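J.: Below is the file data.txt, which contains compact mmCIF, C-alpha atoms and all ligand atoms.
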```txt
# COMPACT_ATOMS: atom_id res chain seq x y z
CA MET A 134 115.72 89.80 151.74
CA GLY A 135 113.12 92.08 153.36
CA ARG A 136 109.73 93.34 152.36
CA GLY A 137 111.44 96.50 151.03
CA SER A 138 113.49 94.70 148.40
CA GLY A 139 110.38 92.75 147.30
CA ARG A 140 108.55 96.03 146.73
CA LEU A 141 111.54 97.35 144.81
CA ARG A 142 111.48 94.30 142.57
CA ILE A 143 107.76 94.79 141.85
CA LEU A 144 108.40 98.47 141.14
CA ALA A 145 111.21 97.54 138.74
CA VAL A 146 108.95 95.07 136.91
CA VAL A 147 106.15 97.66 136.62
CA LEU A 148 108.58 100.29 135.36
CA ALA A 149 110.01 97.85 132.81
CA ALA A 150 106.49 97.02 131.60
CA PHE A 151 105.68 100.72 131.23
CA ALA A 152 108.95 101.30 129.38
CA ALA A 153 108.15 98.40 127.01
CA LEU A 154 104.67 99.81 126.36
CA ALA A 155 106.12 103.27 125.77
CA VAL A 156 108.57 101.84 123.22
CA ILE A 157 105.75 99.94 121.46
CA ALA A 158 103.60 103.10 121.40
CA LEU A 159 106.51 105.12 120.04
CA VAL A 160 107.66 102.63 117.42
CA GLY A 161 104.25 101.22 116.50
CA PHE A 162 103.63 98.41 114.04
CA ARG A 163 104.12 98.26 110.29
CA THR A 164 100.99 98.48 108.12
CA THR A 165 101.90 95.06 106.77
CA THR A 166 104.81 92.63 107.08
CA HIS A 167 104.25 91.73 103.40
CA PRO A 168 107.54 92.37 101.57
CA ALA A 169 107.98 95.50 99.47
CA SER A 170 110.63 96.40 96.91
CA PRO A 171 111.16 99.28 94.46
CA ALA A 172 108.70 99.25 91.54
CA THR A 173 110.06 98.79 88.04
CA ILE A 174 107.45 100.96 86.31
CA GLY A 175 107.09 104.75 86.28
CA VAL A 176 109.12 107.57 84.74
CA ALA A 177 109.66 110.65 86.91
CA ARG A 178 108.19 113.77 85.27
CA SER A 179 107.16 117.26 86.30
CA SER A 180 103.58 118.25 86.99
CA ASP A 181 104.01 120.81 84.16
CA GLU A 182 104.52 117.88 81.75
CA MET A 183 101.56 116.04 83.27
CA GLU A 184 99.29 119.07 82.92
CA ALA A 185 100.43 119.73 79.34
CA SER A 186 99.25 116.21 78.43
CA LEU A 187 95.69 116.90 79.62
CA ALA A 188 94.71 119.02 76.60
CA THR A 189 94.27 115.96 74.39
CA PRO A 190 92.20 112.81 74.93
CA GLY A 191 94.02 109.67 76.04
CA PRO A 192 93.76 105.94 75.32
CA VAL A 193 92.73 104.46 78.69
CA VAL A 194 89.11 103.56 79.49
CA VAL A 195 88.15 103.85 83.17
CA GLU A 196 85.24 101.95 84.67
CA THR A 197 84.48 102.65 88.32
CA VAL A 198 82.77 99.61 89.85
CA VAL A 199 80.90 99.84 93.15
CA GLY A 200 82.17 96.95 95.28
CA ALA A 201 79.95 97.74 98.25
CA ASP A 202 77.68 100.32 99.82
CA TRP A 203 78.61 101.02 103.40
CA GLU A 204 78.38 103.66 106.06
CA VAL A 205 80.91 104.93 108.58
CA PRO A 206 81.09 107.86 111.03
CA ARG A 207 81.21 111.23 109.29
CA SER A 208 83.85 112.41 111.81
CA GLY A 209 86.24 109.91 110.26
CA LEU A 210 85.60 111.08 106.71
CA ILE A 211 85.46 114.86 107.21
CA ASN A 212 87.34 117.10 109.64
CA LEU A 213 84.26 118.44 111.43
CA THR A 214 86.34 121.05 113.28
CA HIS A 215 87.35 122.70 109.99
CA PRO A 216 85.77 126.21 109.77
CA GLU A 217 83.93 125.22 106.55
CA ALA A 218 82.40 122.18 108.27
CA VAL A 219 81.43 124.23 111.32
CA ARG A 220 79.88 126.89 109.08
CA ALA A 221 77.89 124.22 107.25
CA GLY A 222 76.70 122.82 110.58
CA LEU A 223 77.99 119.33 109.82
CA GLU A 224 77.61 116.95 112.73
CA ASP A 225 78.82 113.45 113.40
CA GLY A 226 76.61 110.55 112.36
CA PRO A 227 76.56 107.70 109.85
CA GLU A 228 77.63 108.78 106.37
CA PRO A 229 76.80 106.57 103.35
CA ILE A 230 79.90 105.67 101.36
CA GLN A 231 80.94 103.18 98.73
CA ILE A 232 83.96 100.96 98.22
CA TYR A 233 85.26 101.04 94.67
CA VAL A 234 87.48 99.15 92.33
CA HIS A 235 88.43 101.21 89.26
CA VAL A 236 89.12 99.15 86.15
CA LEU A 237 91.64 100.81 83.80
CA ARG A 238 91.87 99.31 80.30
CA HIS A 239 95.02 100.35 78.46
CA PRO A 240 95.16 99.39 74.75
CA THR A 241 98.62 97.80 74.96
CA ARG A 242 99.52 97.50 78.67
CA GLY A 243 96.42 95.56 79.62
CA THR A 244 93.91 95.94 82.44
CA PHE A 245 94.92 97.50 85.74
CA LEU A 246 92.83 97.86 88.88
CA VAL A 247 93.05 100.96 91.06
CA ASP A 248 92.30 99.71 94.59
CA SER A 249 90.71 96.34 95.02
CA GLY A 250 87.01 96.45 95.83
CA VAL A 251 85.61 93.79 98.14
CA GLU A 252 86.54 90.13 98.58
CA ARG A 253 83.78 87.67 97.66
CA ALA A 254 84.27 85.80 100.96
CA LEU A 255 83.36 88.92 102.90
CA ARG A 256 79.78 88.24 101.76
CA ASP A 257 79.78 84.47 101.22
CA ASP A 258 82.13 83.22 103.94
CA PRO A 259 82.92 86.10 106.33
CA GLU A 260 84.53 83.82 108.92
CA ASN A 261 87.26 83.06 106.38
CA ALA A 262 87.58 86.49 104.77
CA ALA A 263 90.96 88.21 105.03
CA VAL A 264 89.37 91.01 107.07
CA ARG A 265 87.56 89.25 109.87
CA GLY A 266 87.15 88.85 113.61
CA VAL A 267 87.57 91.76 116.00
CA VAL A 268 88.87 94.10 113.29
CA ALA A 269 85.91 93.36 111.00
CA ARG A 270 83.51 94.04 113.87
CA PHE A 271 85.44 97.18 114.74
CA MET A 272 85.19 98.38 111.12
CA GLY A 273 81.52 97.39 110.86
CA THR A 274 82.02 95.24 107.76
CA ASP A 275 78.69 93.51 108.46
CA ALA A 276 77.03 96.79 107.43
CA MET A 277 78.53 96.46 103.93
CA GLN A 278 76.06 95.70 101.16
CA ILE A 279 78.27 94.01 98.61
CA ALA A 280 77.22 94.90 95.07
CA ASN A 281 80.07 93.52 92.95
CA ASP A 282 82.71 91.31 94.53
CA THR A 283 86.20 91.53 93.09
CA ALA A 284 86.23 87.86 92.00
CA SER A 285 83.37 88.72 89.61
CA VAL A 286 85.10 91.89 88.40
CA VAL A 287 88.31 89.96 87.70
CA ALA A 288 86.46 87.12 85.95
CA ARG A 289 85.03 89.57 83.39
CA GLU A 290 88.50 90.59 82.19
CA GLN A 291 89.26 88.04 79.47
CA GLY A 292 92.89 89.15 79.16
CA GLY A 293 93.53 88.95 82.90
CA ILE A 294 94.78 91.66 85.24
CA ALA A 295 98.16 93.19 84.48
CA GLY A 296 98.50 94.93 87.84
CA VAL A 297 96.87 96.57 90.85
CA LEU A 298 97.58 100.19 91.70
CA LEU A 299 96.77 100.72 95.37
CA THR A 300 96.08 104.31 96.45
CA HIS A 301 97.11 103.22 99.97
CA LEU A 302 97.03 100.17 102.23
CA HIS A 303 94.05 100.85 104.51
CA LEU A 304 92.01 97.67 104.92
CA ASP A 305 88.98 98.97 102.99
CA HIS A 306 91.24 99.45 99.96
CA ILE A 307 92.96 96.05 100.04
CA THR A 308 90.03 93.87 101.15
CA GLY A 309 89.52 92.68 97.55
CA MET A 310 93.12 91.51 97.13
CA PRO A 311 92.40 87.83 97.97
CA ASP A 312 90.27 87.72 94.76
CA VAL A 313 93.13 89.00 92.58
CA PRO A 314 95.10 86.18 90.90
CA ARG A 315 98.45 85.45 92.57
CA GLY A 316 101.39 86.66 90.51
CA THR A 317 99.64 89.92 89.57
CA ALA A 318 101.93 92.94 90.00
CA ILE A 319 100.93 95.25 92.88
CA TYR A 320 102.02 98.86 93.33
CA THR A 321 101.90 101.20 96.34
CA GLY A 322 103.31 104.57 97.30
CA PRO A 323 106.70 104.96 98.99
CA GLY A 324 106.97 103.88 102.61
CA GLU A 325 103.35 102.76 102.71
CA ALA A 326 103.95 99.16 103.81
CA GLY A 327 106.46 100.18 106.47
CA ALA A 328 104.43 103.10 107.88
CA ARG A 329 104.07 102.48 111.61
CA ASN A 330 101.38 103.29 114.11
CA LEU A 331 99.73 101.72 117.10
CA GLN A 332 96.42 100.76 115.48
CA ASN A 333 98.37 98.46 113.16
CA MET A 334 98.77 96.22 116.19
CA PHE A 335 95.21 95.12 115.32
CA ALA A 336 95.06 95.79 111.56
CA GLN A 337 98.39 94.27 110.49
CA GLY A 338 97.30 90.61 110.62
CA ASN A 339 94.30 91.43 108.43
CA ALA A 340 96.44 93.34 105.93
CA ASP A 341 98.91 90.45 105.82
CA ARG A 342 96.06 88.01 105.11
CA ALA A 343 94.67 90.22 102.33
CA LEU A 344 98.09 90.21 100.63
CA ASP A 345 98.95 86.59 101.45
CA GLY A 346 100.52 84.71 98.52
CA HIS A 347 100.91 87.85 96.42
CA VAL A 348 104.18 89.11 94.95
CA PRO A 349 106.09 91.78 96.92
CA LEU A 350 104.55 95.23 96.78
CA GLY A 351 106.26 97.44 94.20
CA GLU A 352 106.86 100.82 95.82
CA LEU A 353 106.63 103.60 93.23
CA ALA A 354 109.90 105.54 93.12
CA PHE A 355 108.90 109.20 93.13
CA THR A 356 111.33 112.10 92.95
CA ALA A 357 110.43 115.68 93.87
CA ASP A 358 108.17 117.37 91.29
CA PRO A 359 110.45 119.86 89.42
CA SER A 360 107.40 122.14 89.08
CA GLY A 361 107.05 122.16 92.87
CA ARG A 362 103.34 121.36 93.14
CA PHE A 363 103.42 117.76 94.33
CA ALA A 364 105.68 115.49 96.35
CA GLY A 365 106.27 113.60 93.09
CA VAL A 366 104.73 112.73 89.71
CA LEU A 367 105.28 109.57 87.68
CA ASP A 368 104.29 108.78 84.12
CA LEU A 369 103.46 105.15 84.87
CA PHE A 370 103.83 103.65 81.40
CA GLY A 371 106.02 106.32 79.79
CA ASP A 372 103.23 107.26 77.35
CA ALA A 373 101.56 110.01 79.42
CA SER A 374 98.36 107.94 79.72
CA VAL A 375 98.33 107.19 83.47
CA TRP A 376 99.94 109.53 85.99
CA ALA A 377 100.69 108.62 89.61
CA ILE A 378 100.75 111.62 91.96
CA TRP A 379 102.29 111.24 95.42
CA VAL A 380 99.92 112.93 97.87
CA PRO A 381 101.15 112.11 101.39
CA GLY A 382 99.03 112.91 104.43
CA HIS A 383 96.12 110.48 104.68
CA THR A 384 98.90 107.90 104.85
CA PRO A 385 102.60 108.53 104.17
CA GLY A 386 102.49 106.72 100.83
CA SER A 387 99.08 107.86 99.54
CA VAL A 388 98.89 108.08 95.74
CA ALA A 389 96.28 109.67 93.45
CA TYR A 390 95.93 108.59 89.83
CA LEU A 391 95.20 110.86 86.89
CA VAL A 392 94.09 108.89 83.85
CA ARG A 393 93.75 110.24 80.30
CA THR A 394 90.66 108.69 78.70
CA PRO A 395 88.99 109.26 75.31
CA ASP A 396 86.42 111.39 77.20
CA GLY A 397 88.97 113.48 79.08
CA PRO A 398 91.03 113.13 82.25
CA VAL A 399 89.77 111.21 85.30
CA LEU A 400 91.25 111.90 88.75
CA LEU A 401 91.09 109.10 91.31
CA THR A 402 91.86 110.92 94.56
CA GLY A 403 92.12 107.91 96.87
CA ASP A 404 91.42 108.88 100.48
CA THR A 405 93.16 112.23 100.22
CA CYS A 406 89.47 113.04 99.92
CA HIS A 407 86.83 110.47 100.90
CA THR A 408 83.67 112.46 100.18
CA ALA A 409 81.99 114.67 97.59
CA TRP A 410 81.37 117.36 100.24
CA GLY A 411 85.01 117.29 101.31
CA TRP A 412 86.12 117.72 97.70
CA GLN A 413 83.66 120.50 96.94
CA HIS A 414 84.53 122.45 100.10
CA GLY A 415 88.24 121.66 100.33
CA VAL A 416 87.97 119.98 103.72
CA GLU A 417 90.33 117.12 104.43
CA PRO A 418 89.24 113.84 106.11
CA GLY A 419 88.71 113.56 109.86
CA SER A 420 89.95 110.95 112.29
CA PHE A 421 90.69 108.39 109.56
CA THR A 422 93.62 110.50 108.38
CA ALA A 423 97.16 110.28 109.77
CA ASP A 424 98.53 113.78 109.14
CA HIS A 425 95.85 116.47 108.79
CA GLU A 426 98.09 119.34 107.71
CA GLN A 427 99.89 117.29 105.10
CA ASN A 428 96.59 115.78 103.90
CA ALA A 429 95.10 119.28 103.63
CA ARG A 430 98.10 120.46 101.56
CA SER A 431 97.84 117.45 99.24
CA LEU A 432 94.08 117.99 98.83
CA ALA A 433 94.62 121.70 98.08
CA ALA A 434 97.21 120.79 95.42
CA LEU A 435 94.76 118.35 93.75
CA ARG A 436 91.93 120.91 93.85
CA ALA A 437 94.23 123.56 92.34
CA LEU A 438 95.10 121.09 89.56
CA VAL A 439 91.40 120.58 88.79
CA ALA A 440 90.74 124.35 89.00
CA ARG A 441 93.32 124.78 86.21
CA HIS A 442 91.76 121.89 84.25
CA PRO A 443 87.99 121.98 84.87
CA SER A 444 87.37 119.12 82.44
CA VAL A 445 88.87 116.65 84.92
CA ASP A 446 86.29 114.12 86.15
CA VAL A 447 87.00 113.86 89.90
CA ARG A 448 86.25 110.59 91.70
CA PRO A 449 86.76 110.88 95.49
CA GLY A 450 87.82 107.83 97.49
CA HIS A 451 84.40 106.76 98.76
CA GLN A 452 81.66 108.80 97.10
CA SER A 453 80.57 109.92 93.67
CA ASN A 454 81.20 113.60 93.03
CA GLU A 455 78.21 113.87 90.67
CA GLY A 456 75.47 115.44 92.74
CA PRO A 457 73.22 112.95 94.49
CA ARG A 458 74.88 109.56 94.71
CA ARG A 459 73.53 107.01 92.31
CA PRO A 460 72.48 103.95 94.27
CA SER A 461 74.13 100.77 93.13
CA PRO A 462 71.75 98.59 91.07
CA HIS A 463 72.42 95.56 93.29
CA ALA A 464 72.56 97.23 96.66
CA ALA A 465 69.97 97.63 99.35
CA LYS A 466 70.18 100.29 102.01
CA PRO A 467 73.10 99.92 104.43
CA ARG A 468 72.04 98.38 107.73
CA GLY A 469 73.97 100.47 110.20
CA ALA A 470 77.18 102.05 111.33
CA PRO A 471 79.83 100.46 113.53
CA HIS A 472 78.85 100.34 117.18
CA PRO A 473 79.26 103.92 118.45
CA ALA A 474 81.49 102.77 121.31
CA LEU A 475 83.79 101.04 118.86
CA ALA A 476 83.74 104.02 116.51
CA SER A 477 84.72 106.42 119.27
CA LEU A 478 87.34 103.99 120.55
CA GLY A 479 88.71 103.86 117.02
CA ALA A 480 88.79 107.64 116.78
CA ARG A 481 90.56 107.88 120.14
CA LEU A 482 93.05 105.22 119.13
CA ARG A 483 93.72 106.93 115.82
CA ARG A 484 94.21 110.28 117.56
CA ALA A 485 96.62 108.67 119.99
CA CYS A 486 98.52 107.06 117.14
CA THR A 487 98.71 110.01 114.84
CA SER A 488 99.25 112.89 117.24
ZN ZN B 501 92.04 105.34 103.89
```
Please go through the file and, once you have read it, give me the structure as structure tokens.
T.:
Amino acid sequence: MGRGSGRLRILAVVLAAFAALAVIALVGFRTTTHPASPATIGVARSSDEMEASLATPGPVVVETVVGADWEVPRSGLINLTHPEAVRAGLEDGPEPIQIYVHVLRHPTRGTFLVDSGVERALRDDPENAAVRGVVARFMGTDAMQIANDTASVVAREQGGIAGVLLTHLHLDHITGMPDVPRGTAIYTGPGEAGARNLQNMFAQGNADRALDGHVPLGELAFTADPSGRFAGVLDLFGDASVWAIWVPGHTPGSVAYLVRTPDGPVLLTGDTCHTAWGWQHGVEPGSFTADHEQNARSLAALRALVARHPSVDVRPGHQSNEGPRRPSPHAAKPRGAPHPALASLGARLRRACTS
């Protein structure tokens, strides 16, 4: 055995390592290893039927609770290269946002949460919160000013929580799940749990912890909208009170919820639109989004829906749409954004994963 064959062996090992890395980069990691199975609620309808229902008030009361005030890089929330953003002179920098849990009270079906707010431990015991360690530092969770933890929100509901409707599985939407009683039904969009990318190499363990001990995720079973406007529309309870709209793009299984209340319809966009500015100008999110073109199409379809029904009260994923944001009564000013190096690393990683 000469020096030549030794070099060949090293070359073979290096090539094998590169091949393994290439496969990992190509295949990626699931959002969560938490089990998922088809949901048992939801009746497929057309968006025509959904829109026809909006003329009359509905029975569900919606309370949007601010879980936390936070700030993150604007370039993640808004596509700053969009012509509208360029025209407005928007630049990158810390953007104040909020994390919500929407409480839906249905007269006979009980109380449902849309998204999950913020885990109590994230404030009181961050070392043991589901989202912790490197990922928490990377996200800048220490900049969160927690106003209402989800344990407190859940404790207020005398009749318990009938289910959680997750708009998608990003960590800032499932971080309150440890405070939701085990056994509560949980619903997500199709393919959301199994969606793969490289950044999940870091996020997956945190997502698994947030969902630990919970029942399998019920994946809503959409079929194509016969009216051709959306990827799919479900009448969740069969009484036209809560509509789930499949809006892929931000993530493959992103879902928006349209709720008929006594005061008119409320649209919970999820992160198909994070910000008030993005909603008002029709500009999709920036580096936090997986598929820009698909996200932009889904956002355009939601905005067209609201243009046809101007009475809809629109609640974007992370900001109030009502002029200047109302500061939370319990919150102080956010302390700061994630470290810029981490933020740009995150943006680079996301670009690498989603391009
Ligand atoms: Zn998101």
J.: Which residue out of A:Ala437, A:Leu302, A:Met310, A:Val160 has the minimum interatomic distance to Val287 of chain A when all atoms listed in the file are used?
T.: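 Nearest to Val287 of chain A: A:Met310.
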J.: Could you list, as a list of chain:residue names, all residues that come within 8 Å of ligand ZN 501 (chain B)? Count only C-alpha atoms and all ligand atoms.
T.: A:His301, A:Leu302, A:His303, A:Leu304, A:Asp305, A:His306, A:His383, A:Thr384, A:Gly403, A:Asp404, A:Thr405, A:His407, A:Phe421, A:Thr422
J.: Given the point (108.5, 101.5, 99.3) in the coordinates of this file, which residues lie within 7 Å, counting only C-alpha atoms, and how would they look as an MDAnalysis selection string?
T.: chainID A and resid 169:171 322:326 351:353
J.: Quick check, in Å to one decimal: how far apart do atom CA of Val388 of chain A and atom CA of Val195 of chain A lie?
T.: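 Distance reported for this atom pair: 17.1 Å.
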J.: Could you give me, as a ChimeraX atom specification, the residues that have an atom at most 12 Å away from the point (90.5, 94.8, 82.0) in the coordinates of the file, using all atoms listed in the file?
T.: /A:193-197,234-247,286-297
J.: Do a neighbour search on Ala188 of chain A at 12 Å with all atoms listed in the file, toss out local chain neighbours closer than 5 positions, and write the hits as an NGL selection string.
T.: :A and (182-183 or 373 or 393-398 or 441-445)
J.: Give the answer as one residue: which of A:Pro206, A:Pro190, A:Pro385, A:Pro168 has the shortest atom-to-atom distance to Thr300 of chain A, using only C-alpha atoms?
T.: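 Checking each candidate against Thr300 of chain A, we get A:Pro385 as the closest.
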J.: Name all residues at most 8 Å from Val447 of chain A (count only C-alpha atoms; drop same-chain ones fewer than 5 positions away) and give them as a ChimeraX atom specification.
T.: /A:399-402,454
J.: Restricting it to C-alpha atoms, dump the selection as an mmCIF file, keeping the file's coordinate frame.
T.:
```cif
data_model
loop_
_atom_site.group_PDB
_atom_site.id
_atom_site.type_symbol
_atom_site.label_atom_id
_atom_site.label_comp_id
_atom_site.auth_asym_id
_atom_site.auth_seq_id
_atom_site.Cartn_x
_atom_site.Cartn_y
_atom_site.Cartn_z
ATOM 1 C CA VAL A 399 89.770 111.210 85.300
ATOM 2 C CA LEU A 400 91.250 111.900 88.750
ATOM 3 C CA LEU A 401 91.090 109.100 91.310
ATOM 4 C CA THR A 402 91.860 110.920 94.560
ATOM 5 C CA ASN A 454 81.200 113.600 93.030
#
```
J.: Give me the box for segment 427-438 of chain A as JSON, namely the centre and edge lengths in Å to one decimal of a box along x, y and z that holds every listed atom plus 5 Å on each side.
T.:
```
{"center_x": 95.9, "center_y": 119.7, "center_z": 97.3, "size_x": 18.0, "size_y": 17.8, "size_z": 25.5}
```
J.: Which distance in Å separates atom CA of Arg178 of chain A and atom CA of Leu298 of chain A, to one decimal?
T.: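 Atom-to-atom, atom CA of Arg178 of chain A and atom CA of Leu298 of chain A are spaced 18.4 Å apart.
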J.: Could you name the residues that touch Asn428 of chain A at 7 Å or less, counting only C-alpha atoms, but leaving out those on the same chain fewer than 4 positions away, as number ranges by chain?
T.: A: 381-383, 405, 417, 424, 432
J.: Closest to Glu204 of chain A among A:Leu141, A:Gly273, A:Ala340, A:Ile174, using only C-alpha atoms?
T.: A:Gly273
J.: Can you work out the spacing between atom CA of Arg207 of chain A and atom CA of Glu228 of chain A in Å, to one decimal?
T.: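 Going from atom CA of Arg207 of chain A over to atom CA of Glu228 of chain A, I get 5.2 Å.
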